[in-house]
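Note: the block below is upload29.txt and it holds compact mmCIF, C-alpha atoms.
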# COMPACT_ATOMS: atom_id res chain seq x y z
CA MET H 1 2.37 -4.78 26.67
CA TRP H 2 1.93 -5.78 23.07
CA GLU H 3 -0.30 -4.42 20.38
CA TYR H 4 -1.58 -6.83 17.76
CA LYS H 5 -2.23 -6.00 14.12
CA LYS H 6 -4.44 -8.45 12.27
CA ILE H 7 -2.18 -8.59 9.22
CA LEU H 8 0.92 -10.62 8.48
CA GLU H 9 4.28 -8.81 8.39
CA TYR H 10 4.83 -10.47 4.98
CA PRO H 11 2.41 -12.50 2.82
CA ALA H 12 2.48 -16.29 3.28
CA ASN H 13 1.29 -17.73 -0.03
CA VAL H 14 1.54 -21.26 -1.39
CA ARG H 15 0.99 -22.25 -5.04
CA ARG H 16 -0.13 -25.78 -4.12
CA GLN H 17 -0.69 -27.73 -0.94
CA ASP H 18 2.11 -30.04 0.17
CA PRO H 19 1.81 -31.91 3.50
CA ASP H 20 5.33 -33.33 3.12
CA TYR H 21 6.80 -29.82 2.98
CA ALA H 22 4.59 -28.71 5.90
CA SER H 23 6.31 -31.30 8.07
CA LEU H 24 9.72 -29.84 7.12
CA VAL H 25 9.08 -26.09 7.29
CA VAL H 26 7.43 -26.61 10.71
CA THR H 27 10.95 -26.59 12.17
CA GLN H 28 10.92 -22.80 11.81
CA PHE H 29 7.69 -22.80 13.85
CA GLY H 30 8.83 -24.92 16.78
CA GLY H 31 12.34 -26.23 16.07
CA PRO H 32 15.73 -25.44 17.64
CA ASP H 33 16.48 -22.50 15.32
CA GLY H 34 12.86 -21.53 14.75
CA GLU H 35 11.01 -18.29 15.28
CA LEU H 36 9.41 -19.23 18.62
CA ALA H 37 12.83 -20.02 20.10
CA ALA H 38 14.21 -16.76 18.74
CA SER H 39 11.38 -14.65 20.14
CA LEU H 40 11.40 -16.16 23.64
CA ARG H 41 15.20 -16.10 23.78
CA TYR H 42 15.39 -12.36 23.09
CA ILE H 43 12.40 -11.39 25.22
CA SER H 44 13.86 -13.41 28.14
CA GLN H 45 17.34 -11.90 27.83
CA MET H 46 16.07 -8.32 27.73
CA TYR H 47 15.70 -7.65 31.47
CA THR H 48 19.36 -7.84 32.52
CA MET H 49 20.77 -6.07 29.45
CA PRO H 50 22.73 -3.15 30.97
CA ILE H 51 22.35 -0.62 28.12
CA PRO H 52 19.07 0.77 26.78
CA GLU H 53 20.10 0.07 23.17
CA GLY H 54 20.49 -3.61 24.09
CA LYS H 55 17.10 -3.78 25.81
CA ALA H 56 15.40 -2.04 22.89
CA THR H 57 17.05 -4.26 20.27
CA LEU H 58 16.05 -7.46 22.11
CA ASN H 59 12.50 -6.22 22.63
CA ASN H 60 12.14 -5.08 19.03
CA ILE H 61 13.63 -8.17 17.38
CA GLY H 62 11.89 -10.50 19.86
CA THR H 63 8.61 -8.91 18.87
CA GLU H 64 9.34 -9.25 15.16
CA GLU H 65 10.26 -12.93 15.60
CA LEU H 66 6.78 -13.52 17.02
CA ALA H 67 5.38 -12.00 13.83
CA HIS H 68 7.58 -14.45 11.89
CA PHE H 69 6.21 -17.31 14.04
CA GLU H 70 2.80 -16.23 12.76
CA ILE H 71 3.97 -16.21 9.12
CA ILE H 72 5.44 -19.74 9.40
CA GLY H 73 2.31 -20.94 11.21
CA THR H 74 0.21 -19.59 8.34
CA LEU H 75 2.43 -21.33 5.77
CA VAL H 76 2.26 -24.68 7.58
CA TYR H 77 -1.52 -24.53 7.88
CA LYS H 78 -2.07 -23.46 4.26
CA LEU H 79 -0.02 -26.47 3.14
CA VAL H 80 -2.42 -28.93 4.87
CA GLU H 81 -5.74 -27.08 5.28
CA GLY H 82 -8.71 -29.25 4.29
CA ILE H 83 -6.65 -32.18 2.97
CA PRO H 84 -8.51 -35.44 3.79
CA ALA H 85 -7.00 -37.89 6.28
CA ASP H 86 -6.72 -40.66 3.68
CA VAL H 87 -4.37 -38.41 1.67
CA LEU H 88 -2.42 -37.20 4.72
CA LYS H 89 -1.81 -40.76 5.92
CA ASN H 90 0.51 -41.39 2.96
CA THR H 91 2.64 -38.27 3.62
CA ARG H 92 5.35 -37.22 6.06
CA PHE H 93 2.57 -35.31 7.86
CA ALA H 94 0.82 -38.54 9.01
CA PRO H 95 2.39 -38.67 12.51
CA HIS H 96 1.46 -35.01 13.03
CA TYR H 97 -2.14 -35.76 11.98
CA ALA H 98 -2.24 -38.71 14.40
CA GLN H 99 -1.35 -36.47 17.35
CA HIS H 100 -2.74 -33.04 16.42
CA GLY H 101 -5.00 -33.33 13.38
CA ARG H 102 -4.27 -30.34 11.15
CA ALA H 103 -3.70 -28.00 14.11
CA ASN H 104 -0.36 -26.23 14.26
CA TYR H 105 1.97 -27.49 16.98
CA PRO H 106 5.42 -26.08 17.82
CA ALA H 107 7.68 -29.02 16.99
CA ASP H 108 10.72 -29.58 14.79
CA ALA H 109 10.91 -31.45 11.48
CA PHE H 110 11.42 -34.73 13.37
CA GLY H 111 8.31 -34.10 15.50
CA ASN H 112 10.17 -33.24 18.72
CA ALA H 113 8.10 -30.80 20.78
CA TRP H 114 9.48 -27.29 21.32
CA THR H 115 11.54 -26.96 24.48
CA ALA H 116 13.12 -24.03 26.31
CA SER H 117 16.34 -26.11 26.28
CA TYR H 118 16.83 -24.73 22.76
CA ILE H 119 17.55 -21.30 24.19
CA GLN H 120 19.83 -19.74 26.77
CA SER H 121 19.59 -16.51 28.74
CA HIS H 122 22.64 -15.17 30.61
CA GLU H 123 23.03 -12.18 32.90
CA ASP H 124 26.42 -11.66 31.21
CA PRO H 125 25.35 -9.49 28.24
CA VAL H 126 28.27 -10.42 25.96
CA ALA H 127 27.47 -14.12 26.39
CA SER H 128 23.80 -13.52 25.58
CA ILE H 129 24.43 -11.33 22.53
CA GLN H 130 26.88 -13.85 21.08
CA GLU H 131 24.21 -16.55 21.51
CA ASP H 132 21.87 -14.26 19.57
CA LEU H 133 24.38 -13.74 16.75
CA ALA H 134 24.75 -17.53 16.48
CA ALA H 135 20.97 -17.96 16.55
CA GLU H 136 20.56 -15.59 13.60
CA GLN H 137 23.18 -17.50 11.57
CA LYS H 138 21.57 -20.87 12.37
CA ALA H 139 18.14 -19.56 11.38
CA ARG H 140 19.57 -18.13 8.13
CA ALA H 141 21.20 -21.48 7.31
CA THR H 142 17.95 -23.34 8.09
CA TYR H 143 16.01 -21.06 5.72
CA GLU H 144 18.56 -21.86 3.01
CA TYR H 145 18.11 -25.63 3.52
CA LEU H 146 14.33 -25.15 3.34
CA ILE H 147 14.61 -23.01 0.19
CA ASP H 148 16.84 -25.74 -1.36
CA MET H 149 14.04 -28.29 -0.82
CA SER H 150 11.14 -26.24 -2.26
CA ASP H 151 10.08 -25.74 -5.87
CA ASP H 152 7.16 -23.44 -4.97
CA PRO H 153 8.10 -19.85 -5.93
CA ALA H 154 5.56 -18.38 -3.48
CA ILE H 155 7.03 -20.29 -0.54
CA ILE H 156 10.59 -19.45 -1.64
CA ASP H 157 9.59 -15.76 -1.76
CA THR H 158 8.31 -15.79 1.83
CA LEU H 159 11.28 -17.80 3.14
CA SER H 160 13.70 -15.45 1.33
CA PHE H 161 12.17 -12.45 3.12
CA LEU H 162 12.47 -14.18 6.50
CA ARG H 163 16.06 -15.19 5.69
CA GLU H 164 17.01 -11.60 4.85
CA ARG H 165 15.58 -10.46 8.18
CA GLU H 166 18.01 -12.86 9.91
CA VAL H 167 20.88 -11.09 8.11
CA VAL H 168 19.64 -7.69 9.26
CA HIS H 169 19.12 -8.90 12.85
CA PHE H 170 22.68 -10.25 12.91
CA GLN H 171 23.94 -6.79 12.01
CA ARG H 172 21.83 -5.16 14.74
CA PHE H 173 23.05 -7.59 17.42
CA GLY H 174 26.60 -6.96 16.22
CA GLU H 175 26.11 -3.24 16.79
CA VAL H 176 24.79 -3.95 20.32
CA LEU H 177 27.92 -6.03 20.97
CA ASP H 178 30.07 -3.04 20.00
CA LEU H 179 28.08 -0.74 22.33
CA LEU H 180 28.53 -3.28 25.14
CA TYR H 181 32.31 -3.17 24.70
CA ASP H 182 32.16 0.64 25.02
CA TYR H 183 29.92 0.36 28.07
CA MET H 184 32.25 -2.12 29.75
CA ASP H 185 35.34 -0.01 28.96
CA ASP H 186 33.66 3.01 30.58
CA TYR H 187 32.61 0.89 33.53
CA GLU H 188 36.20 -0.25 34.05
CA GLU H 189 37.46 3.34 33.95
CA TRP H 190 34.78 5.06 36.05
CA GLY H 191 32.85 2.30 37.78
CA MET A 1 33.98 -11.12 -7.97
CA GLU A 2 35.94 -9.35 -5.27
CA GLU A 3 34.59 -5.93 -6.32
CA GLU A 4 31.06 -7.18 -5.65
CA LYS A 5 31.84 -7.66 -1.97
CA GLN A 6 30.91 -4.81 0.27
CA TYR A 7 33.74 -3.64 2.45
CA VAL A 8 33.22 -1.23 5.30
CA SER A 9 35.34 1.89 5.55
CA GLY A 10 36.26 3.50 8.85
CA PHE A 11 36.52 0.26 10.84
CA GLU A 12 38.84 1.08 13.74
CA MET A 13 41.44 -1.67 13.67
CA ASP A 14 43.40 -0.16 16.58
CA ARG A 15 40.65 -0.90 19.07
CA VAL A 16 40.34 -4.53 18.07
CA ARG A 17 41.33 -6.95 20.85
CA LEU A 18 42.09 -10.64 20.78
CA ALA A 19 39.29 -13.02 21.80
CA HIS A 20 36.59 -10.49 20.92
CA ALA A 21 34.10 -10.66 18.04
CA TYR A 22 33.41 -7.49 16.03
CA ILE A 23 30.74 -6.58 13.54
CA PRO A 24 31.34 -3.18 11.89
CA TYR A 25 28.83 -0.48 12.79
CA GLN A 26 26.58 0.32 9.84
CA GLN A 27 27.09 3.77 8.31
CA TYR A 28 24.21 5.26 6.36
CA THR A 29 24.82 5.43 2.62
CA ASP A 30 21.58 4.98 0.70
CA HIS A 31 18.11 3.47 1.02
CA TYR A 32 15.56 1.65 -1.12
CA THR A 33 12.04 2.95 -1.67
CA PRO A 34 9.69 1.84 1.15
CA ALA A 35 7.85 -0.54 -1.21
CA ARG A 36 11.07 -2.23 -2.29
CA ALA A 37 12.38 -2.36 1.29
CA LEU A 38 9.22 -4.10 2.52
CA LYS A 39 9.53 -6.62 -0.30
CA GLN A 40 13.22 -7.39 0.17
CA GLY A 41 13.40 -7.31 3.95
CA THR A 42 15.81 -4.39 4.33
CA LEU A 43 15.85 -0.66 3.69
CA TYR A 44 19.60 -0.67 3.04
CA PRO A 45 21.35 -1.86 -0.14
CA GLU A 46 24.51 -2.76 1.81
CA LEU A 47 22.51 -5.20 3.96
CA TYR A 48 20.65 -6.86 1.08
CA MET A 49 22.44 -10.20 0.71
CA PRO A 50 20.08 -12.63 -1.05
CA TYR A 51 20.71 -16.37 -0.98
CA GLN A 52 22.60 -17.65 -3.99
CA PRO A 53 22.67 -21.45 -3.95
CA GLY A 54 26.13 -22.68 -4.85
CA PRO A 55 29.21 -24.45 -3.57
CA ARG A 56 29.63 -21.91 -0.78
CA GLY A 57 25.94 -22.09 0.02
CA TYR A 58 25.97 -18.51 1.22
CA TYR A 59 25.58 -15.02 -0.10

Final structure tokens representation of the file:
Amino acid sequence: MWEYKKILEYPANVRRQDPDYASLVVTQFGGPDGELAASLRYISQMYTMPIPEGKATLNNIGTEELAHFEIIGTLVYKLVEGIPADVLKNTRFAPHYAQHGRANYPADAFGNAWTASYIQSHEDPVASIQEDLAAEQKARATYEYLIDMSDDPAIIDTLSFLREREVVHFQRFGEVLDLLYDYMDDYEEWG
Amino acid sequence: MEEEKQYVSGFEMDRVRLAHAYIPYQQYTDHYTPARALKQGTLYPELYMPYQPGPRGYY
């Protein structure tokens, strides 16, 4: 089960509202390399992971990614909260407003709805962990593109924290990969 | 520039096989204060690799 704390893992502040940027940063909410995809990927892969360190890492990071989903959701909503429709209609956010109003919706920067096709889950643990390493790199790169397109220091601060977490997660998955090699060597010798 | 890169000692090259990916296991060296770690996103100086926009587009 999960326990919920009614605080964000990291503050999500914006200096000024910006519906155009909301429609870009939303890709980390519901896009191919976003936080929802990361969380569900890891939490799905967890069950067949043969070593406890692998299970624990997937559970732990999958849980944290859900907290990041909440941070990005907060950012997106703060960027559009209370802005009148006649302002939104002249921004990149207009199609989103037409379909969802100002409600958050897990979609990418083009408006494509989130899909489980973004993720993979294999019984082969090496295949799954290498997918996870790639996912962390793609998320890091996406945060860098998003940082490149913002001039709001508060948003850049939040995105920089989330980007650094991708670097740390990459390291942790790399360590699991090493443990899996040891496990498989032992299995070949004794199994 | 090269000195700024963080190399990892003790990486066992003799167990490296072809067609395998390896990430060196982290060895504990030092840690930030909890307040700084929560701000930066890592407790460990050797894992703090902030984005520096540039031609390489990477840290």

Margin query: Within 12 Å of (20.3, -12.3, -1.2) in the file's own coordinates, which protein, DNA or RNA residues have an atom, counting only C-alpha atoms? List them as a PyMOL selection string.
Written below: (chain H and resi 140+143-144+157+159-168) or (chain A and resi 40-42+45-53+57-59)

Please dump the current selection as a compact mmCIF listing (two decimals), in the coordinates of the input; keep C-alpha atoms.
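What ended up in out_14.txt:
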# COMPACT_ATOMS: atom_id res chain seq x y z
CA ARG H 140 19.57 -18.13 8.13
CA TYR H 143 16.01 -21.06 5.72
CA GLU H 144 18.56 -21.86 3.01
CA ASP H 157 9.59 -15.76 -1.76
CA LEU H 159 11.28 -17.80 3.14
CA SER H 160 13.70 -15.45 1.33
CA PHE H 161 12.17 -12.45 3.12
CA LEU H 162 12.47 -14.18 6.50
CA ARG H 163 16.06 -15.19 5.69
CA GLU H 164 17.01 -11.60 4.85
CA ARG H 165 15.58 -10.46 8.18
CA GLU H 166 18.01 -12.86 9.91
CA VAL H 167 20.88 -11.09 8.11
CA VAL H 168 19.64 -7.69 9.26
CA GLN A 40 13.22 -7.39 0.17
CA GLY A 41 13.40 -7.31 3.95
CA THR A 42 15.81 -4.39 4.33
CA PRO A 45 21.35 -1.86 -0.14
CA GLU A 46 24.51 -2.76 1.81
CA LEU A 47 22.51 -5.20 3.96
CA TYR A 48 20.65 -6.86 1.08
CA MET A 49 22.44 -10.20 0.71
CA PRO A 50 20.08 -12.63 -1.05
CA TYR A 51 20.71 -16.37 -0.98
CA GLN A 52 22.60 -17.65 -3.99
CA PRO A 53 22.67 -21.45 -3.95
CA GLY A 57 25.94 -22.09 0.02
CA TYR A 58 25.97 -18.51 1.22
CA TYR A 59 25.58 -15.02 -0.10

Find the residues of chain H that sit at most 12 Å from chain A; for each, write down the nearest two atoms and how far apart they are in Å, to one decimal. Count only C-alpha atoms. Sort by chain, then by number going up, and give it as CSV.
residue,atom,partner,partner_atom,distance
H:Glu9,CA,A:Leu38,CA,9.0
H:Tyr10,CA,A:Lys39,CA,8.0
H:Pro11,CA,A:Lys39,CA,9.7
H:Val126,CA,A:His20,CA,9.7
H:Ala127,CA,A:Ala21,CA,11.2
H:Ile129,CA,A:Ala21,CA,10.7
H:Gln130,CA,A:Ala21,CA,8.5
H:Leu133,CA,A:Ile23,CA,10.1
H:Ala134,CA,A:Ala21,CA,11.7
H:Gln137,CA,A:Tyr58,CA,10.8
H:Arg140,CA,A:Tyr51,CA,9.3
H:Ala141,CA,A:Tyr58,CA,8.3
H:Thr142,CA,A:Gly57,CA,11.4
H:Tyr143,CA,A:Tyr51,CA,9.4
H:Glu144,CA,A:Tyr51,CA,7.1
H:Tyr145,CA,A:Gly57,CA,9.3
H:Leu146,CA,A:Pro53,CA,11.7
H:Ile147,CA,A:Tyr51,CA,9.1
H:Asp148,CA,A:Pro53,CA,7.7
H:Met149,CA,A:Pro53,CA,11.4
H:Ile156,CA,A:Tyr51,CA,10.6
H:Asp157,CA,A:Lys39,CA,9.3
H:Thr158,CA,A:Lys39,CA,9.5
H:Leu159,CA,A:Tyr51,CA,10.4
H:Ser160,CA,A:Pro50,CA,7.4
H:Phe161,CA,A:Gly41,CA,5.3
H:Leu162,CA,A:Gly41,CA,7.4
H:Arg163,CA,A:Tyr51,CA,8.2
H:Glu164,CA,A:Gly41,CA,5.7
H:Arg165,CA,A:Gly41,CA,5.7
H:Glu166,CA,A:Gly41,CA,9.4
H:Val167,CA,A:Leu47,CA,7.4
H:Val168,CA,A:Leu47,CA,6.5
H:His169,CA,A:Thr42,CA,10.2
H:Phe170,CA,A:Ile23,CA,8.9
H:Gln171,CA,A:Ile23,CA,7.0
H:Arg172,CA,A:Tyr25,CA,8.6
H:Phe173,CA,A:Ile23,CA,8.7
H:Gly174,CA,A:Ile23,CA,4.9
H:Glu175,CA,A:Tyr25,CA,5.6
H:Val176,CA,A:Tyr25,CA,9.2
H:Leu177,CA,A:Tyr22,CA,7.5
H:Asp178,CA,A:Tyr22,CA,6.8
H:Leu179,CA,A:Tyr25,CA,9.6
H:Leu180,CA,A:Tyr22,CA,11.2
H:Tyr181,CA,A:His20,CA,9.3
H:Asp182,CA,A:Arg15,CA,10.5
H:Asp185,CA,A:Arg15,CA,11.3

Notebook entry, point to check: Could you work out how far atom CA of Ile155 of chain H lies from atom CA of Phe29 of chain H, giving the answer in Å with one decimal?
Noted result: 14.6 Å

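Across the model, the gap from atom CA of Tyr183 of chain H to atom CA of Gln120 of chain H is 22.5 Å.
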